[in-house]
file structure39.txt (compact mmCIF, C-alpha atoms)
# COMPACT_ATOMS: atom_id res chain seq x y z
CA ARG A 1 68.23 88.49 55.80
CA LYS A 2 67.60 92.20 55.25
CA GLU A 3 64.05 93.46 55.67
CA VAL A 4 64.13 95.09 52.24
CA GLU A 5 66.28 93.76 49.43
CA GLN A 6 66.76 95.26 46.00
CA ASP A 7 68.38 94.24 42.74
CA PRO A 8 72.09 94.98 42.86
CA GLY A 9 73.17 97.67 40.41
CA PRO A 10 74.30 99.48 38.55
CA PHE A 11 71.90 99.31 35.62
CA ASN A 12 73.42 100.92 32.52
CA VAL A 13 70.81 101.51 29.81
CA PRO A 14 70.56 103.62 26.64
CA GLU A 15 68.12 106.49 26.35
CA GLY A 16 64.66 105.29 25.43
CA ALA A 17 65.07 101.88 27.05
CA THR A 18 62.60 100.32 29.44
CA VAL A 19 64.10 99.23 32.75
CA ALA A 20 62.60 97.38 35.71
CA PHE A 21 63.77 97.23 39.30
CA ASN A 22 62.74 94.53 41.74
CA CYS A 23 62.40 94.64 45.50
CA THR A 24 61.41 92.03 48.08
CA TYR A 25 60.41 92.60 51.69
CA SER A 26 60.30 90.22 54.62
CA ASN A 27 57.54 91.63 56.85
CA SER A 28 54.23 90.26 55.58
CA ALA A 29 52.36 92.76 57.77
CA SER A 30 53.75 95.77 55.90
CA GLN A 31 50.99 97.96 54.51
CA SER A 32 52.70 100.88 52.83
CA PHE A 33 55.30 100.90 50.12
CA PHE A 34 57.22 103.63 48.40
CA TRP A 35 59.81 104.27 45.75
CA TYR A 36 62.19 107.14 46.44
CA ARG A 37 64.78 108.60 44.12
CA GLN A 38 68.15 109.79 45.39
CA ASP A 39 70.52 111.77 43.22
CA CYS A 40 74.25 111.64 43.94
CA ARG A 41 75.06 113.48 47.18
CA LYS A 42 71.44 114.65 47.55
CA GLU A 43 68.54 113.75 49.82
CA PRO A 44 65.97 111.06 48.90
CA LYS A 45 62.80 112.37 47.27
CA LEU A 46 59.49 110.56 46.98
CA LEU A 47 58.86 109.16 43.51
CA MET A 48 55.73 107.09 44.08
CA SER A 49 53.61 105.66 46.86
CA VAL A 50 52.16 102.18 46.31
CA TYR A 51 49.05 101.43 48.36
CA SER A 52 47.14 98.85 46.34
CA SER A 53 48.26 96.43 43.65
CA GLY A 54 50.12 99.20 41.89
CA ASN A 55 49.90 102.57 40.27
CA GLU A 56 51.17 104.51 37.29
CA ASP A 57 52.53 108.02 36.97
CA GLY A 58 53.56 108.94 33.46
CA ARG A 59 56.54 106.82 32.45
CA PHE A 60 56.73 105.20 35.88
CA THR A 61 54.72 102.15 36.95
CA ALA A 62 54.94 100.50 40.35
CA GLN A 63 53.46 97.07 41.02
CA LEU A 64 52.88 95.31 44.32
CA ASN A 65 52.44 91.58 44.83
CA ARG A 66 51.56 91.01 48.48
CA ALA A 67 51.45 87.21 48.16
CA SER A 68 55.06 87.14 46.95
CA GLN A 69 56.10 90.18 49.04
CA TYR A 70 57.48 91.78 45.94
CA ILE A 71 57.44 95.33 44.56
CA SER A 72 58.64 96.47 41.18
CA LEU A 73 59.30 99.79 39.46
CA LEU A 74 59.13 100.05 35.68
CA ILE A 75 60.55 103.06 33.86
CA ARG A 76 59.60 103.44 30.21
CA ASP A 77 61.37 105.59 27.62
CA SER A 78 64.33 106.30 29.93
CA LYS A 79 65.72 109.83 29.95
CA LEU A 80 69.21 110.97 30.87
CA SER A 81 67.64 112.76 33.83
CA ASP A 82 66.38 109.43 35.21
CA SER A 83 69.96 108.58 36.22
CA ALA A 84 69.87 108.21 40.01
CA THR A 85 69.63 105.64 42.77
CA TYR A 86 66.14 104.23 43.32
CA LEU A 87 65.24 103.25 46.87
CA CYS A 88 62.56 100.71 47.72
CA VAL A 89 60.93 101.63 51.04
CA VAL A 90 58.55 99.63 53.20
CA ASN A 91 56.86 100.51 56.46
CA ASN A 92 57.01 98.17 59.44
CA GLN A 93 54.41 97.69 62.10
CA GLY A 94 56.17 100.17 64.34
CA GLY A 95 55.39 102.90 61.82
CA LYS A 96 58.97 103.32 60.75
CA LEU A 97 60.14 103.17 57.15
CA ILE A 98 62.77 100.63 56.17
CA PHE A 99 64.94 101.63 53.22
CA GLY A 100 66.54 99.22 50.80
CA GLN A 101 70.14 99.72 49.79
CA GLY A 102 69.09 101.20 46.47
CA THR A 103 69.59 100.34 42.82
CA GLU A 104 71.72 102.68 40.75
CA LEU A 105 70.51 103.57 37.27
CA SER A 106 72.71 105.18 34.66
CA VAL A 107 71.04 106.23 31.40
CA LYS A 108 73.49 106.81 28.57
CA PRO A 109 72.98 108.86 25.37
CA GLU B 110 59.32 121.10 47.58
CA ALA B 111 59.36 120.03 51.23
CA ASP B 112 59.79 122.75 53.84
CA ILE B 113 62.46 121.07 55.90
CA TYR B 114 65.83 122.64 56.53
CA GLN B 115 69.16 121.52 57.88
CA THR B 116 72.17 123.50 59.01
CA PRO B 117 75.03 123.45 58.55
CA ARG B 118 75.14 121.78 55.14
CA TYR B 119 78.83 120.95 55.54
CA LEU B 120 80.91 120.78 58.72
CA VAL B 121 84.58 119.99 59.18
CA ILE B 122 85.57 119.77 62.81
CA GLY B 123 88.31 118.39 65.02
CA THR B 124 88.09 115.36 67.28
CA GLY B 125 86.59 116.00 70.69
CA LYS B 126 84.47 118.99 69.74
CA LYS B 127 80.79 119.20 70.62
CA ILE B 128 78.51 119.71 67.64
CA THR B 129 74.80 120.27 67.09
CA LEU B 130 73.14 119.60 63.77
CA GLU B 131 69.98 121.63 63.30
CA CYS B 132 66.77 120.45 61.63
CA SER B 133 63.58 122.46 61.27
CA GLN B 134 60.34 121.91 59.38
CA THR B 135 57.47 124.30 58.80
CA MET B 136 54.88 121.72 57.70
CA GLY B 137 53.49 121.09 61.18
CA HIS B 138 54.55 117.44 61.01
CA ASP B 139 54.38 115.47 64.26
CA LYS B 140 56.98 112.85 63.37
CA MET B 141 60.64 113.60 62.76
CA TYR B 142 63.61 111.36 62.06
CA TRP B 143 67.39 111.36 61.84
CA TYR B 144 69.18 109.02 59.44
CA GLN B 145 72.85 108.36 58.89
CA GLN B 146 74.09 107.48 55.40
CA ASP B 147 77.61 106.67 54.26
CA PRO B 148 78.48 107.07 50.54
CA GLY B 149 76.88 104.36 48.42
CA MET B 150 75.22 102.77 51.43
CA GLU B 151 71.65 102.59 52.69
CA LEU B 152 70.04 104.97 55.15
CA HIS B 153 70.07 103.91 58.79
CA LEU B 154 67.59 105.32 61.27
CA ILE B 155 69.40 106.62 64.36
CA HIS B 156 66.68 108.65 66.15
CA TYR B 157 63.01 109.46 65.79
CA SER B 158 60.32 111.45 67.52
CA TYR B 159 56.54 111.14 67.40
CA GLY B 160 55.91 114.53 68.94
CA VAL B 161 57.04 117.10 71.48
CA ASN B 162 59.02 115.56 74.36
CA SER B 163 59.08 112.19 72.58
CA THR B 164 62.41 110.76 71.41
CA GLU B 165 63.42 107.18 70.61
CA LYS B 166 66.58 105.49 69.43
CA GLY B 167 66.54 104.03 65.96
CA ASP B 168 67.80 100.79 64.54
CA LEU B 169 71.44 101.84 64.31
CA SER B 170 73.22 102.53 67.56
CA SER B 171 74.52 106.09 67.73
CA GLU B 172 76.42 108.10 70.30
CA SER B 173 74.40 111.16 69.36
CA THR B 174 71.43 112.52 71.30
CA VAL B 175 68.34 114.42 70.20
CA SER B 176 65.68 116.63 71.73
CA ARG B 177 62.17 117.68 70.70
CA ILE B 178 61.11 120.71 72.69
CA ARG B 179 59.18 122.28 69.82
CA THR B 180 57.22 120.57 67.06
CA GLU B 181 59.20 122.18 64.29
CA HIS B 182 62.70 121.64 65.69
CA PHE B 183 64.66 118.38 66.12
CA PRO B 184 68.37 119.02 66.76
CA LEU B 185 70.99 116.27 66.99
CA THR B 186 74.00 116.64 69.27
CA LEU B 187 77.35 114.87 69.44
CA GLU B 188 79.09 115.65 72.74
CA SER B 189 82.53 114.63 71.53
CA ALA B 190 83.01 114.14 67.81
CA ARG B 191 85.26 111.35 66.52
CA PRO B 192 86.46 110.41 63.03
CA SER B 193 84.04 107.43 63.11
CA HIS B 194 81.18 109.97 63.16
CA THR B 195 82.13 111.17 59.68
CA SER B 196 79.03 110.62 57.54
CA GLN B 197 76.00 112.31 56.03
CA TYR B 198 73.15 113.02 58.44
CA LEU B 199 69.66 113.35 56.96
CA CYS B 200 66.65 114.72 58.79
CA ALA B 201 63.10 113.84 57.72
CA SER B 202 59.55 114.46 58.84
CA SER B 203 56.11 112.97 58.24
CA LEU B 204 52.58 114.02 59.03
CA GLY B 205 52.04 111.38 61.70
CA ALA B 206 48.27 111.11 61.40
CA SER B 207 46.58 108.00 60.06
CA GLY B 208 45.57 107.65 56.45
CA ARG B 209 47.18 107.66 53.08
CA GLY B 210 50.14 109.92 52.73
CA SER B 211 50.66 110.29 56.46
CA GLU B 212 53.72 108.03 56.47
CA THR B 213 55.44 109.71 53.55
CA GLN B 214 58.72 111.12 54.78
CA TYR B 215 60.15 114.36 53.44
CA PHE B 216 63.87 114.86 53.72
CA GLY B 217 66.04 117.85 54.39
CA PRO B 218 69.16 118.45 52.25
CA GLY B 219 71.44 116.75 54.77
CA THR B 220 74.57 117.70 56.69
CA ARG B 221 77.90 116.29 55.56
CA LEU B 222 80.11 115.90 58.61
CA LEU B 223 83.86 115.35 58.49
CA VAL B 224 85.65 114.81 61.78
CA LEU B 225 89.41 115.11 61.58
call {"tool": "encode", "arguments": {"input": "structure39.txt", "output": "structure tokens"}}
result
Amino acid sequence: RKEVEQDPGPFNVPEGATVAFNCTYSNSASQSFFWYRQDCRKEPKLLMSVYSSGNEDGRFTAQLNRASQYISLLIRDSKLSDSATYLCVVNNQGGKLIFGQGTELSVKP
Amino acid sequence: EADIYQTPRYLVIGTGKKITLECSQTMGHDKMYWYQQDPGMELHLIHYSYGVNSTEKGDLSSESTVSRIRTEHFPLTLESARPSHTSQYLCASSLGASGRGSETQYFGPGTRLLVL
């Protein structure tokens, strides 16, 4: 079993749609969680950090359920520019970050 | 924008050549990392460093080596490149101290390596 598992993609949605990505992690001792965004052939960039039960940043909402070892990312009012691969990232006790395989989002006009 | 740089951005080289991929950051970060990523696949950690003169192998076995003589510089070397080394190599850094935000990793633009 992979340490971090994400919904398989791709997600194809129309502009304005609300889309949610799910992620599960196996290490119950993990304390820090992140969502990164990676555009095609580019480097990953931090989208949100998730330190408590969740947080919101504009159209983006991340939620954390420690009991179920589950993280989600909700994107409201999708824009064409949201098209990218979204990476769920979890720290392990060794201080390293473990990256999920990513979920591809394609927002269509 | 993160102040972390990688050179070269693209490299096409023949089998058997020695190559060094450069990575530098000007943020004063203690921790630095090298990842390997094939198209459409996840990132795999191949090397990391928690400070000067500290280097560790990552989760994915790699024939490359790294050094950390200066805080800001973390080069990766392949002594003899092979076609199986063809991939994208991403360098990252993080603050390294404790507390919120200290684990956030900032990535360089990557080096795309093609070994013929």
call {"tool": "residues_around", "arguments": {"input": "structure39.txt", "residues": "A:Arg66", "least_positions_apart": "3", "cutoff": "8 Å", "atoms": "only C-alpha atoms", "output": "list of chain:residue names"}}
result
A:Ser28, A:Ser53, A:Gln69, A:Tyr70
call {"tool": "interface_residues", "arguments": {"input": "structure39.txt", "of": "chain A", "to": "chain B", "cutoff": "12 Å", "atoms": "only C-alpha atoms", "output": "MDAnalysis selection string"}}
result
chainID A and resid 2 4:6 8:10 31:52 84:104
call {"tool": "residues_around", "arguments": {"input": "structure39.txt", "residues": "B:Leu169", "least_positions_apart": "3", "cutoff": "9 Å", "atoms": "only C-alpha atoms", "output": "list in words"}}
result
Tyr144, Gln145, His153, Leu154, Ile155, His156 and Lys166 of chain B
call {"tool": "closest_residue", "arguments": {"input": "structure39.txt", "among": "B:Ile113, B:Val175, B:Val161, B:Leu225", "to": "B:Leu130", "atoms": "all atoms listed in the file"}}
result
B:Val175
call {"tool": "atom_distance", "arguments": {"input": "structure39.txt", "atom1": "atom CA of B:Arg191", "atom2": "atom CA of B:Ile178"}}
result
26.6 Å
call {"tool": "closest_residue", "arguments": {"input": "structure39.txt", "among": "A:Phe11, A:Phe60, A:Asn55, A:Ala67", "to": "A:Tyr25", "atoms": "only C-alpha atoms"}}
result
A:Ala67
call {"tool": "axis_aligned_box", "arguments": {"input": "structure39.txt", "around": "stretch 120-138 of chain B", "padding_each_side": "6 Å", "output": "lines of an AutoDock Vina configuration file"}}
result
center_x = 70.9
center_y = 119.8
center_z = 64.2
size_x = 46.8
size_y = 20.9
size_z = 25.0
call {"tool": "atom_distance", "arguments": {"input": "structure39.txt", "atom1": "atom CA of B:Leu187", "atom2": "atom CA of B:Gln134"}}
result
21.0 Å
call {"tool": "atom_distance", "arguments": {"input": "structure39.txt", "atom1": "atom CA of B:Leu120", "atom2": "atom CA of B:Val224"}}
result
8.2 Å
call {"tool": "closest_residue", "arguments": {"input": "structure39.txt", "among": "A:Thr61, A:Ser81, A:Ser106, A:Ser68", "to": "A:Ala20", "atoms": "all atoms listed in the file"}}
result
A:Thr61
call {"tool": "closest_residue", "arguments": {"input": "structure39.txt", "among": "B:Val121, B:Cys132, B:Leu185, B:Met141", "to": "B:Ser158", "atoms": "only C-alpha atoms"}}
result
B:Met141
call {"tool": "closest_residue", "arguments": {"input": "structure39.txt", "among": "B:Thr124, B:Arg179, B:Ser193, B:Pro184", "to": "B:His138", "atoms": "only C-alpha atoms"}}
result
B:Arg179
call {"tool": "closest_residue", "arguments": {"input": "structure39.txt", "among": "B:Asn162, B:Ser173, B:Thr129, B:Thr116", "to": "B:His194", "atoms": "all atoms listed in the file"}}
result
B:Ser173
